[in-house]
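See below for protein16.txt, which holds compact mmCIF, C-alpha atoms and all ligand atoms.
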```txt
# COMPACT_ATOMS: atom_id res chain seq x y z
CA MET Q 167 31.44 151.94 178.34
CA ARG Q 168 31.69 148.16 178.53
CA CYS Q 169 32.92 145.63 175.97
CA LEU Q 170 29.99 144.07 174.13
CA LYS Q 171 31.67 140.66 174.29
CA CYS Q 172 33.14 140.33 177.77
CA GLY Q 173 31.78 143.26 179.80
CA SER Q 174 35.20 144.57 180.82
CA GLY Q 175 36.21 148.23 180.24
CA ALA Q 176 35.96 149.16 176.54
CA CYS Q 177 38.76 151.01 174.72
CA ILE Q 178 36.76 151.96 171.62
CA GLU Q 179 33.15 152.60 170.69
CA ILE Q 180 31.86 151.75 167.20
CA ARG Q 181 28.72 153.84 167.04
CA ARG Q 182 27.52 152.55 163.67
CA HIS Q 183 27.41 149.03 165.12
CA ARG Q 184 26.13 150.22 168.53
CA ALA Q 185 29.08 148.39 170.01
CA ALA Q 186 32.15 148.95 172.17
CA TYR Q 187 35.10 146.62 172.64
CA CYS Q 188 38.04 145.93 174.89
CA GLU Q 189 41.41 145.61 173.12
CA GLU Q 190 41.20 141.87 172.65
CA HIS Q 191 37.68 141.93 171.26
CA PHE Q 192 38.38 144.96 169.09
CA VAL Q 193 41.17 143.02 167.37
CA GLU Q 194 38.70 140.18 166.91
CA HIS Q 195 36.15 142.64 165.44
CA VAL Q 196 38.72 143.88 162.88
CA HIS Q 197 39.65 140.32 161.91
CA LYS Q 198 35.96 139.44 161.53
CA GLN Q 199 35.18 142.45 159.35
CA VAL Q 200 38.08 141.59 157.02
CA THR Q 201 37.01 137.93 156.90
CA ARG Q 202 33.43 138.95 156.10
CA ALA Q 203 34.53 141.23 153.27
CA VAL Q 204 36.87 138.60 151.82
CA ARG Q 205 34.08 135.97 151.85
CA LYS Q 206 31.18 138.17 150.78
CA PHE Q 207 33.01 139.59 147.77
CA LYS Q 208 34.88 136.32 147.03
CA MET Q 209 38.22 138.17 147.08
CA PHE Q 210 40.64 135.27 147.53
CA GLU Q 211 41.06 131.79 148.98
CA PRO Q 212 43.59 130.51 151.51
CA GLY Q 213 46.73 129.42 149.66
CA GLU Q 214 46.48 132.07 146.93
CA LYS Q 215 49.51 134.32 146.57
CA LEU Q 216 48.63 137.90 147.51
CA LEU Q 217 50.63 141.03 146.73
CA LEU Q 218 49.68 143.74 149.23
CA ALA Q 219 50.49 147.29 148.21
CA VAL Q 220 51.89 148.89 151.36
CA SER Q 221 52.24 152.65 151.67
CA GLY Q 222 53.59 152.68 155.24
CA GLY Q 223 50.28 154.21 156.41
CA LYS Q 224 47.85 152.79 158.99
CA ASP Q 225 45.50 151.06 156.54
CA SER Q 226 47.89 148.95 154.52
CA LEU Q 227 50.04 148.03 157.56
CA ALA Q 228 46.98 147.08 159.62
CA LEU Q 229 45.72 145.00 156.71
CA TRP Q 230 49.07 143.26 156.31
CA ASP Q 231 49.01 142.38 160.00
CA VAL Q 232 45.45 141.04 159.78
CA LEU Q 233 46.13 138.95 156.67
CA LEU Q 234 49.25 137.42 158.24
CA ASP Q 235 47.36 136.75 161.51
CA LEU Q 236 44.61 135.02 159.52
CA GLY Q 237 47.20 132.81 157.83
CA TYR Q 238 47.10 134.26 154.32
CA GLN Q 239 50.20 134.29 152.15
CA ALA Q 240 50.63 138.05 151.70
CA ASP Q 241 53.87 139.64 150.48
CA GLY Q 242 54.29 143.43 150.42
CA LEU Q 243 55.06 145.88 147.61
CA TYR Q 244 56.31 149.35 148.46
CA ILE Q 245 56.56 151.87 145.63
CA ASP Q 246 59.10 154.59 146.36
CA LEU Q 247 57.92 157.65 144.43
CA GLY Q 248 60.70 159.88 145.75
CA ILE Q 249 58.40 162.42 147.43
CA GLY Q 250 61.21 163.74 149.65
CA ASP Q 251 61.26 162.97 153.32
CA TYR Q 252 57.68 161.61 153.19
CA SER Q 253 58.65 158.69 150.92
CA ALA Q 254 61.84 157.96 152.83
CA ARG Q 255 59.99 157.71 156.13
CA SER Q 256 57.05 155.74 154.80
CA ARG Q 257 59.42 153.25 153.17
CA GLU Q 258 61.14 152.82 156.53
CA LYS Q 259 57.80 151.99 158.19
CA ALA Q 260 57.04 149.35 155.56
CA GLU Q 261 60.53 147.85 155.86
CA ASN Q 262 60.40 147.81 159.66
CA PHE Q 263 57.04 146.03 159.68
CA ALA Q 264 58.25 143.46 157.12
CA GLY Q 265 61.37 142.85 159.23
CA ALA Q 266 59.44 142.47 162.47
CA ARG Q 267 56.90 140.02 160.96
CA ARG Q 268 59.52 138.28 158.75
CA ALA Q 269 57.34 139.02 155.75
CA ALA Q 270 58.63 139.44 152.19
CA LEU Q 271 58.66 143.00 150.84
CA HIS Q 272 59.35 144.06 147.25
CA VAL Q 273 60.56 147.64 146.87
CA VAL Q 274 60.37 149.38 143.49
CA SER Q 275 61.96 152.82 143.57
CA LEU Q 276 61.63 155.57 140.97
CA PRO Q 277 64.66 157.53 142.28
CA GLU Q 278 66.80 154.38 142.29
CA THR Q 279 65.62 153.41 138.81
CA TYR Q 280 65.70 156.80 137.11
CA GLY Q 281 67.43 159.23 139.44
CA VAL Q 282 64.23 161.33 139.38
CA ASN Q 283 60.96 161.36 141.31
CA VAL Q 284 57.31 161.21 140.27
CA GLY Q 285 57.10 165.02 140.28
CA TYR Q 286 59.77 165.18 137.55
CA ILE Q 287 57.83 162.75 135.35
CA ALA Q 288 54.62 164.74 135.91
CA LYS Q 289 56.26 168.05 135.05
CA LYS Q 290 58.16 166.83 131.98
CA SER Q 291 55.10 165.13 130.56
CA GLY Q 292 52.82 168.07 131.37
CA LYS Q 293 50.38 166.05 133.53
CA PRO Q 294 49.04 166.80 137.04
CA PHE Q 295 51.07 165.43 139.95
CA CYS Q 296 48.41 163.26 141.61
CA SER Q 297 47.15 161.63 138.41
CA THR Q 298 50.75 160.79 137.41
CA CYS Q 299 51.37 159.32 140.85
CA GLY Q 300 48.17 157.24 140.61
CA LEU Q 301 49.10 156.02 137.13
CA VAL Q 302 52.63 155.02 138.20
CA LYS Q 303 51.31 153.17 141.27
CA ARG Q 304 48.60 151.27 139.34
CA TYR Q 305 51.08 150.35 136.61
CA ILE Q 306 53.74 149.07 139.00
CA MET Q 307 51.20 147.14 141.12
CA ASN Q 308 49.81 145.28 138.11
CA ALA Q 309 53.18 144.71 136.43
CA ALA Q 310 54.76 143.47 139.67
CA ALA Q 311 51.90 141.06 140.37
CA SER Q 312 51.88 139.64 136.86
CA ILE Q 313 55.70 139.38 136.54
CA LYS Q 314 56.06 137.78 139.98
CA GLY Q 315 53.08 135.45 139.57
CA TYR Q 316 50.70 136.73 142.28
CA ASP Q 317 47.01 135.83 142.17
CA ALA Q 318 45.75 139.22 143.36
CA VAL Q 319 46.81 142.77 144.17
CA VAL Q 320 45.47 143.84 147.56
CA THR Q 321 45.17 147.50 148.58
CA GLY Q 322 44.38 149.16 151.90
CA HIS Q 323 41.44 151.28 150.70
CA ASN Q 324 39.01 151.53 153.62
CA LEU Q 325 35.32 152.40 154.05
CA ASP Q 326 36.12 156.14 154.23
CA ASP Q 327 38.12 155.97 150.98
CA GLU Q 328 35.46 153.99 149.16
CA ALA Q 329 32.48 156.02 150.43
CA GLY Q 330 34.35 159.26 149.57
CA ALA Q 331 35.13 158.00 146.07
CA LEU Q 332 31.50 156.92 145.63
CA LEU Q 333 30.26 160.37 146.65
CA GLY Q 334 32.65 162.00 144.16
CA ASN Q 335 31.58 159.65 141.37
CA ALA Q 336 27.88 160.10 142.14
CA LEU Q 337 28.08 163.90 142.38
CA SER Q 338 29.23 164.13 138.79
CA TRP Q 339 27.53 160.93 137.56
CA GLN Q 340 30.71 159.24 136.46
CA VAL Q 341 28.81 156.24 135.16
CA GLY Q 342 31.94 154.40 134.00
CA TYR Q 343 33.55 154.73 137.44
CA LEU Q 344 30.30 153.79 139.21
CA ARG Q 345 30.12 150.65 137.10
CA ARG Q 346 33.66 149.69 138.05
CA GLN Q 347 33.60 150.74 141.71
CA SER Q 348 33.92 147.40 143.47
CA PRO Q 349 36.03 145.95 146.27
CA ASN Q 350 36.80 143.04 143.90
CA MET Q 351 37.86 143.75 140.33
CA PRO Q 352 38.28 140.30 138.75
CA ALA Q 353 41.31 139.52 136.57
CA SER Q 354 40.75 140.38 132.94
CA GLN Q 355 42.81 140.61 129.77
CA GLY Q 356 46.21 140.85 131.48
CA LEU Q 357 44.98 142.87 134.46
CA VAL Q 358 45.52 141.06 137.76
CA ARG Q 359 42.55 140.79 140.20
CA LYS Q 360 42.40 143.80 142.57
CA VAL Q 361 40.74 143.60 145.97
CA LYS Q 362 40.04 145.87 148.96
CA PRO Q 363 39.47 143.79 152.12
CA LEU Q 364 39.20 146.88 154.41
CA CYS Q 365 36.04 148.12 152.70
CA ARG Q 366 33.95 147.40 155.83
CA LEU Q 367 36.29 149.26 158.23
CA GLY Q 368 36.73 152.99 158.80
CA GLU Q 369 40.08 154.74 159.16
CA ARG Q 370 39.43 155.34 162.84
CA GLU Q 371 39.34 151.58 163.26
CA THR Q 372 42.53 150.89 161.31
CA ALA Q 373 44.35 153.59 163.31
CA ALA Q 374 43.11 152.10 166.61
CA TYR Q 375 44.13 148.63 165.42
CA CYS Q 376 47.70 149.82 164.75
CA ILE Q 377 47.95 151.48 168.15
CA ILE Q 378 46.67 148.40 169.97
CA LYS Q 379 48.95 146.06 168.02
CA GLY Q 380 51.98 148.38 168.38
CA ILE Q 381 52.30 148.90 164.61
CA ASN Q 382 54.39 151.96 163.81
CA TYR Q 383 52.92 153.78 160.77
CA ILE Q 384 53.49 157.11 159.07
CA LEU Q 385 51.01 159.58 160.54
CA GLU Q 386 50.87 162.27 157.92
CA GLU Q 387 49.09 162.06 154.58
CA CYS Q 388 51.02 162.60 151.36
CA PRO Q 389 52.06 166.31 151.34
CA MET Q 390 50.93 166.56 147.70
CA ALA Q 391 47.35 165.51 148.50
CA LYS Q 392 46.55 168.70 150.46
CA GLY Q 393 43.39 170.34 149.14
CA ALA Q 394 42.41 167.28 147.06
CA SER Q 395 38.64 167.03 146.52
CA SER Q 396 38.73 163.44 147.84
CA LEU Q 397 39.45 164.92 151.28
CA ALA Q 398 36.45 167.28 151.00
CA TYR Q 399 34.13 164.34 150.22
CA LYS Q 400 35.42 162.53 153.31
CA ASP Q 401 34.80 165.64 155.45
CA VAL Q 402 31.20 165.85 154.26
CA LEU Q 403 30.61 162.17 155.02
CA ASN Q 404 32.22 162.51 158.46
CA ALA Q 405 29.86 165.38 159.28
CA LEU Q 406 26.86 163.26 158.26
CA GLU Q 407 28.21 160.21 160.09
CA SER Q 408 28.52 162.10 163.36
CA ARG Q 409 24.86 163.14 163.15
CA ALA Q 410 23.66 159.73 161.97
CA PRO Q 411 26.09 156.89 162.69
CA GLY Q 412 25.98 154.26 159.95
CA THR Q 413 25.59 156.76 157.10
CA LYS Q 414 28.82 155.67 155.37
CA ASP Q 415 27.95 151.99 155.72
CA ARG Q 416 24.46 152.53 154.31
CA PHE Q 417 25.78 154.69 151.48
CA TYR Q 418 28.68 152.49 150.36
CA LEU Q 419 27.67 148.95 151.32
CA GLY Q 420 24.11 149.80 150.26
CA PHE Q 421 25.43 150.90 146.87
CA LEU Q 422 27.25 147.59 146.42
CA ARG Q 423 24.09 145.70 147.43
CA GLU Q 424 21.31 147.72 145.83
CA GLY Q 425 22.69 150.42 143.56
CA ARG Q 426 25.67 149.18 141.61
CA HIS Q 427 23.77 146.82 139.32
CA TYR Q 428 21.86 149.75 137.81
CA PHE Q 429 25.13 150.82 136.20
CA GLN Q 430 26.04 147.43 134.76
CA GLY Q 431 25.61 146.57 131.10
CA GLY Q 432 25.23 149.29 128.53
CA SER Q 433 28.54 150.01 126.90
CA GLU Q 434 30.90 147.10 126.27
CA GLU Q 435 34.08 146.55 128.27
CA PRO Q 436 37.03 148.11 126.43
CA GLN Q 437 39.24 145.63 124.60
CA LEU Q 438 42.78 145.50 125.98
CA ARG Q 439 45.91 144.47 124.11
CA PRO Q 440 49.61 144.34 124.98
CA CYS Q 441 51.40 147.71 124.93
CA SER Q 442 53.78 147.94 121.95
CA VAL Q 443 56.60 149.01 124.27
CA CYS Q 444 56.21 147.12 127.56
CA GLY Q 445 53.61 144.40 126.87
CA GLN Q 446 51.33 145.44 129.76
CA PRO Q 447 47.59 145.63 128.96
CA THR Q 448 46.26 148.84 127.43
CA THR Q 449 43.43 150.13 125.24
CA ALA Q 450 45.87 152.09 123.03
CA GLU Q 451 48.85 151.13 120.89
CA THR Q 452 51.21 152.28 123.67
CA CYS Q 453 50.12 152.40 127.33
CA SER Q 454 49.85 155.74 129.15
CA PHE Q 455 52.69 154.81 131.52
CA CYS Q 456 55.11 154.23 128.62
CA ARG Q 457 53.95 157.38 126.83
CA GLN Q 458 54.35 159.54 129.90
CA VAL Q 459 57.72 158.11 130.90
CA GLN Q 460 59.01 158.47 127.33
CA ARG Q 461 57.80 162.07 127.21
CA ALA Q 462 59.96 162.67 130.29
CA GLY Q 463 62.93 161.31 128.30
CA LEU Q 464 63.17 158.05 130.29
CA ASP Q 465 63.05 154.34 129.37
CA PRO Q 466 59.81 152.67 130.56
CA LEU Q 467 61.41 149.21 130.43
CA ALA Q 468 63.77 150.15 133.26
CA VAL Q 469 60.86 149.85 135.71
CA LEU Q 470 60.13 146.28 134.57
CA GLU Q 471 63.81 145.45 135.18
CA ALA Q 472 63.55 147.05 138.64
CA ILE Q 473 60.48 144.91 139.38
CA LYS Q 474 62.32 141.74 138.35
CA ASN Q 475 65.17 142.68 140.70
CA SER Q 476 62.91 143.88 143.51
CA GLY Q 477 63.92 141.11 145.90
CA ALA Q 478 61.66 139.17 148.26
P1 LIG A 1 46.04 156.22 148.84
O1 LIG A 1 45.76 156.31 147.38
O2 LIG A 1 47.29 156.91 149.24
O3 LIG A 1 44.87 156.48 149.71
O4 LIG A 1 46.38 154.68 149.08
C1 LIG A 1 45.47 153.67 148.85
C2 LIG A 1 46.18 152.34 148.88
O5 LIG A 1 47.13 152.29 147.82
C3 LIG A 1 47.00 152.09 150.14
O6 LIG A 1 46.22 151.56 151.17
C4 LIG A 1 48.02 151.11 149.64
O7 LIG A 1 47.47 149.81 149.56
C5 LIG A 1 48.29 151.59 148.24
N1 LIG A 1 49.45 152.53 148.18
C6 LIG A 1 49.46 153.87 148.31
N2 LIG A 1 50.70 154.37 148.20
C7 LIG A 1 51.53 153.32 147.98
C8 LIG A 1 52.95 153.17 147.78
N3 LIG A 1 53.78 154.21 147.77
N4 LIG A 1 53.45 151.91 147.61
C9 LIG A 1 52.62 150.84 147.60
N5 LIG A 1 51.28 150.93 147.77
C10 LIG A 1 50.73 152.14 147.96
ZN ZN A 2 36.08 142.24 175.57
ZN ZN A 3 53.61 150.22 128.17
```
Turn the structure described in the file into structure tokens.
Ligand code: AMP
Ligand code: ZN
Ligand code: ZN
Amino acid sequence: MRCLKCGSGACIEIRRHRAAYCEEHFVEHVHKQVTRAVRKFKMFEPGEKLLLAVSGGKDSLALWDVLLDLGYQADGLYIDLGIGDYSARSREKAENFAGARRAALHVVSLPETYGVNVGYIAKKSGKPFCSTCGLVKRYIMNAAASIKGYDAVVTGHNLDDEAGALLGNALSWQVGYLRRQSPNMPASQGLVRKVKPLCRLGERETAAYCIIKGINYILEECPMAKGASSLAYKDVLNALESRAPGTKDRFYLGFLREGRHYFQGGSEEPQLRPCSVCGQPTTAETCSFCRQVQRAGLDPLAVLEAIKNSGA
């Protein structure tokens, strides 16, 4: 296998593009795919302040590296959910990367704020673990970006994540989710813009990028995600992709191009207003974060204090 660009020995083959690259040109390929996504979906401009949610995994660390290499102003946000050893080690990866690249990292920690972890909040409020974790992360990302004055929240969702989510949404015709599934959710009514610049790259590519660039990331997935249906959707798509390379691209990028507009219009966007407790945008009197945290006997405002003091 030879590099498509320079003809020297290739280190990776990208079957869906009928291409193979040497290390140098693979890095260039990753940079180009991010640049294309950022431009095509009008995600952000040079000079805008970006808050990148970093989990310590391959995707968000690779993305941070790419954005810094491309000259964007991207600070990190790590949310410590207190999931035992897994959180401790992923936090370390995020902190080590920030240190090595001299990048600013905000850390907001549930255990340091409340002395409990996300599992405690889930249990006390009678909600499933993963939906509580998702709610806490979304809440902290938006609150941190709006309190600290960032123009956009950036996440490391990749092509596999987005194609898997699309399959899940399509299988049960979640029309509301299909309408909103976009790599660029514009700012609206107190919600900060949310973008996904890795939507053209698969997880195999972000892992290879980290290895080539010497980025040390946490290998394992969250221990609580085992058996999640999102993983089953990814497995199905991987099986199809290996028989017909390009399936995920055609499915997801094709949806954005050709399919998504069929779901637009119809019902009106929900009206948001400031939560009576914390002031963050919500459709209800009190937002679900405040309700759930209060049900666990904790003070929701403590997290906003933690965000204000989160350094960087
Ligand atoms: P996941 O939902 O774990 O697949 O993660 C999707 C994206 O959410 C990651 O690429 C990160 O951008 C962000 N993310 C996940 N976990 C965290 C965390 N603990 N702190 C900050 N951002 C996170
Ligand atoms: Zn080459
Ligand atoms: Zn609230």
Write out as JSON lines the residues of chain Q that have any atom within 6 Å of an atom of ligand ZN 3 (chain A), one row each with the nearest atom pair and its distance in Å to one decimal, counting all atoms listed in the file, sorted by chain and then rising number.
```
{"residue": "Q:Cys441", "atom": "CA", "partner": "A:ZN3", "partner_atom": "ZN", "distance": 4.7}
{"residue": "Q:Val443", "atom": "CA", "partner": "A:ZN3", "partner_atom": "ZN", "distance": 5.1}
{"residue": "Q:Cys444", "atom": "CA", "partner": "A:ZN3", "partner_atom": "ZN", "distance": 4.1}
{"residue": "Q:Gly445", "atom": "CA", "partner": "A:ZN3", "partner_atom": "ZN", "distance": 6.0}
{"residue": "Q:Gln446", "atom": "CA", "partner": "A:ZN3", "partner_atom": "ZN", "distance": 5.5}
{"residue": "Q:Thr452", "atom": "CA", "partner": "A:ZN3", "partner_atom": "ZN", "distance": 5.5}
{"residue": "Q:Cys453", "atom": "CA", "partner": "A:ZN3", "partner_atom": "ZN", "distance": 4.2}
{"residue": "Q:Phe455", "atom": "CA", "partner": "A:ZN3", "partner_atom": "ZN", "distance": 5.8}
{"residue": "Q:Cys456", "atom": "CA", "partner": "A:ZN3", "partner_atom": "ZN", "distance": 4.3}
```
Would you put the residues from that selection into a file with C-alpha atoms, as an mmCIF file, in the frame of the given file?
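Output contents, as saved in part28.cif:
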```
data_model
loop_
_atom_site.group_PDB
_atom_site.id
_atom_site.type_symbol
_atom_site.label_atom_id
_atom_site.label_comp_id
_atom_site.auth_asym_id
_atom_site.auth_seq_id
_atom_site.Cartn_x
_atom_site.Cartn_y
_atom_site.Cartn_z
ATOM 1 C CA CYS Q 441 51.400 147.710 124.930
ATOM 2 C CA VAL Q 443 56.600 149.010 124.270
ATOM 3 C CA CYS Q 444 56.210 147.120 127.560
ATOM 4 C CA GLY Q 445 53.610 144.400 126.870
ATOM 5 C CA GLN Q 446 51.330 145.440 129.760
ATOM 6 C CA THR Q 452 51.210 152.280 123.670
ATOM 7 C CA CYS Q 453 50.120 152.400 127.330
ATOM 8 C CA PHE Q 455 52.690 154.810 131.520
ATOM 9 C CA CYS Q 456 55.110 154.230 128.620
#
```
Return as number ranges by chain the residues of protein, DNA or RNA that approach ligand LIG 1 (chain A) to within 9 Å, with only C-alpha atoms and all ligand atoms taken into account. Q: 218-227, 229, 242-247, 253, 256-257, 273-274, 299-300, 303-304, 306-307, 319-324, 327, 362, 387-388, 391
Taking only C-alpha atoms and all ligand atoms into account, report as a list in words which residues have an atom no farther than 10 Å from an atom of ligand ZN 2 (chain A).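 Every residue with an atom at most 10 Å from ligand ZN 2 (chain A) is listed here: Arg168, Cys169, Leu170, Lys171, Cys172, Gly173, Ser174, Gly175, Ala176, Cys177, Ala186, Tyr187, Cys188, Glu189, Glu190, His191, Phe192, Val193 and Glu194 of chain Q.
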Residue among Q:Asn475, Q:Tyr316, Q:Ile378, Q:Phe429 lying closest to Gln340 of chain Q, counting only C-alpha atoms: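 Nearest to Gln340 of chain Q: Q:Phe429.
With all atoms listed in the file taken into account, the protein and nucleic acid residues at most 8 Å from Asn382 of chain Q (excluding it and anything under 2 positions from it in its own chain) are Q:Lys259, Q:Phe263, Q:Cys376, Q:Ile377, Q:Gly380, Q:Ile384.
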Considering all atoms listed in the file, can you say which of Q:Gly330, Q:Gln355, Q:Leu397, Q:Lys474 comes closest to Lys314 of chain Q? Q:Lys474
Write out as a ChimeraX atom specification the residues lying within 8 Å of Ala203 of chain Q, counting all atoms listed in the file and excluding same-chain residues fewer than 6 positions away. /Q:209,363-366
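Across the model, the gap from atom CA of Val358 of chain Q to atom CA of Asn308 of chain Q is 6.0 Å.
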With distances taken over only C-alpha atoms, which residue among Q:Gly368, Q:Pro466, Q:Gly477, Q:Pro277 lies nearest Tyr305 of chain Q? Q:Pro466
Can you measure atom CA of Gly412 of chain Q to atom CA of Lys208 of chain Q for me? One decimal in Å is fine. 23.8 Å
Do a neighbour search on Thr449 of chain Q at 9 Å with all atoms listed in the file, toss out local chain neighbours closer than 6 positions, and write the hits as a short mmCIF file (atom, residue, chain, number, x, y, z; two decimals) with C-alpha atoms, in the frame of the given file.
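Output below, filename around.cif:
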```cif
data_model
loop_
_atom_site.label_atom_id
_atom_site.label_comp_id
_atom_site.auth_asym_id
_atom_site.auth_seq_id
_atom_site.Cartn_x
_atom_site.Cartn_y
_atom_site.Cartn_z
CA PRO Q 436 37.03 148.11 126.43
CA GLN Q 437 39.24 145.63 124.60
CA LEU Q 438 42.78 145.50 125.98
CA ARG Q 439 45.91 144.47 124.11
CA PRO Q 440 49.61 144.34 124.98
CA CYS Q 441 51.40 147.71 124.93
#
```
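The nearest approach to Pro389 of chain Q among the residues Q:Ile180, Q:Val196, Q:Cys296, Q:Ala264, with only C-alpha atoms taken into account, belongs to Q:Cys296.
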Hey, could you pull the box centre and edge lengths for segment 460-472 of chain Q, axis-aligned, 3 Å padding per side, all listed atoms, to one decimal in Å, as JSON?
```
{"center_x": 60.8, "center_y": 154.1, "center_z": 132.9, "size_x": 12.0, "size_y": 23.2, "size_z": 17.4}
```
Tell me which of Q:Ala394, Q:Leu325, Q:Ala336, Q:Ile287 sits closest to Leu367 of chain Q, counting all atoms listed in the file. Q:Leu325
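Remark: for Arg423 of chain Q, the closest of the candidate residues Q:Lys206, Q:Arg181, Q:His195, Q:Arg409 is Q:Lys206 (distances computed over all atoms listed in the file).
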Within 12 Å of Gly463 of chain Q using only C-alpha atoms, minus same-chain residues under 5 positions, as a PyMOL selection string: chain Q and resi 280+282+286-291+456-458
Taking the partial coordinates given, rebuild segment 441-447 of chain Q to contain all heavy atoms; return it as a PDB file, in the coordinates of the input.
```
ATOM      1  N   CYS Q 441      50.736 146.452 125.309  1.00  0.00           N
ATOM      2  CA  CYS Q 441      51.400 147.710 124.930  1.00  0.00           C
ATOM      3  C   CYS Q 441      52.573 147.382 123.987  1.00  0.00           C
ATOM      4  O   CYS Q 441      53.319 146.422 124.214  1.00  0.00           O
ATOM      5  CB  CYS Q 441      51.907 148.392 126.192  1.00  0.00           C
ATOM      6  SG  CYS Q 441      53.090 149.714 125.906  1.00  0.00           S
ATOM      7  N   SER Q 442      52.731 148.196 122.951  1.00  0.00           N
ATOM      8  CA  SER Q 442      53.780 147.940 121.950  1.00  0.00           C
ATOM      9  C   SER Q 442      55.176 148.091 122.550  1.00  0.00           C
ATOM     10  O   SER Q 442      56.144 147.555 122.027  1.00  0.00           O
ATOM     11  CB  SER Q 442      53.625 148.891 120.773  1.00  0.00           C
ATOM     12  OG  SER Q 442      53.744 150.220 121.244  1.00  0.00           O
ATOM     13  N   VAL Q 443      55.278 148.805 123.664  1.00  0.00           N
ATOM     14  CA  VAL Q 443      56.600 149.010 124.270  1.00  0.00           C
ATOM     15  C   VAL Q 443      56.860 148.002 125.394  1.00  0.00           C
ATOM     16  O   VAL Q 443      57.870 147.309 125.400  1.00  0.00           O
ATOM     17  CB  VAL Q 443      56.735 150.460 124.827  1.00  0.00           C
ATOM     18  CG1 VAL Q 443      58.076 150.655 125.526  1.00  0.00           C
ATOM     19  CG2 VAL Q 443      56.545 151.475 123.711  1.00  0.00           C
ATOM     20  N   CYS Q 444      55.925 147.895 126.336  1.00  0.00           N
ATOM     21  CA  CYS Q 444      56.210 147.120 127.560  1.00  0.00           C
ATOM     22  C   CYS Q 444      55.437 145.818 127.654  1.00  0.00           C
ATOM     23  O   CYS Q 444      55.735 144.988 128.508  1.00  0.00           O
ATOM     24  CB  CYS Q 444      55.921 147.981 128.786  1.00  0.00           C
ATOM     25  SG  CYS Q 444      54.156 148.252 129.053  1.00  0.00           S
ATOM     26  N   GLY Q 445      54.382 145.648 126.835  1.00  0.00           N
ATOM     27  CA  GLY Q 445      53.610 144.400 126.870  1.00  0.00           C
ATOM     28  C   GLY Q 445      52.510 144.368 127.922  1.00  0.00           C
ATOM     29  O   GLY Q 445      51.730 143.421 127.980  1.00  0.00           O
ATOM     30  N   GLN Q 446      52.414 145.404 128.763  1.00  0.00           N
ATOM     31  CA  GLN Q 446      51.330 145.440 129.760  1.00  0.00           C
ATOM     32  C   GLN Q 446      50.015 145.804 129.071  1.00  0.00           C
ATOM     33  O   GLN Q 446      50.021 146.455 128.022  1.00  0.00           O
ATOM     34  CB  GLN Q 446      51.665 146.480 130.846  1.00  0.00           C
ATOM     35  CG  GLN Q 446      52.777 146.047 131.803  1.00  0.00           C
ATOM     36  CD  GLN Q 446      52.368 144.873 132.664  1.00  0.00           C
ATOM     37  OE1 GLN Q 446      51.360 144.907 133.343  1.00  0.00           O
ATOM     38  NE2 GLN Q 446      53.162 143.805 132.600  1.00  0.00           N
ATOM     39  N   PRO Q 447      48.855 145.396 129.646  1.00  0.00           N
ATOM     40  CA  PRO Q 447      47.590 145.630 128.960  1.00  0.00           C
ATOM     41  C   PRO Q 447      47.212 147.105 128.830  1.00  0.00           C
ATOM     42  O   PRO Q 447      47.418 147.884 129.762  1.00  0.00           O
ATOM     43  CB  PRO Q 447      46.569 144.907 129.851  1.00  0.00           C
ATOM     44  CG  PRO Q 447      47.241 144.730 131.157  1.00  0.00           C
ATOM     45  CD  PRO Q 447      48.697 144.646 130.892  1.00  0.00           C
TER      46      PRO Q 447
END
```
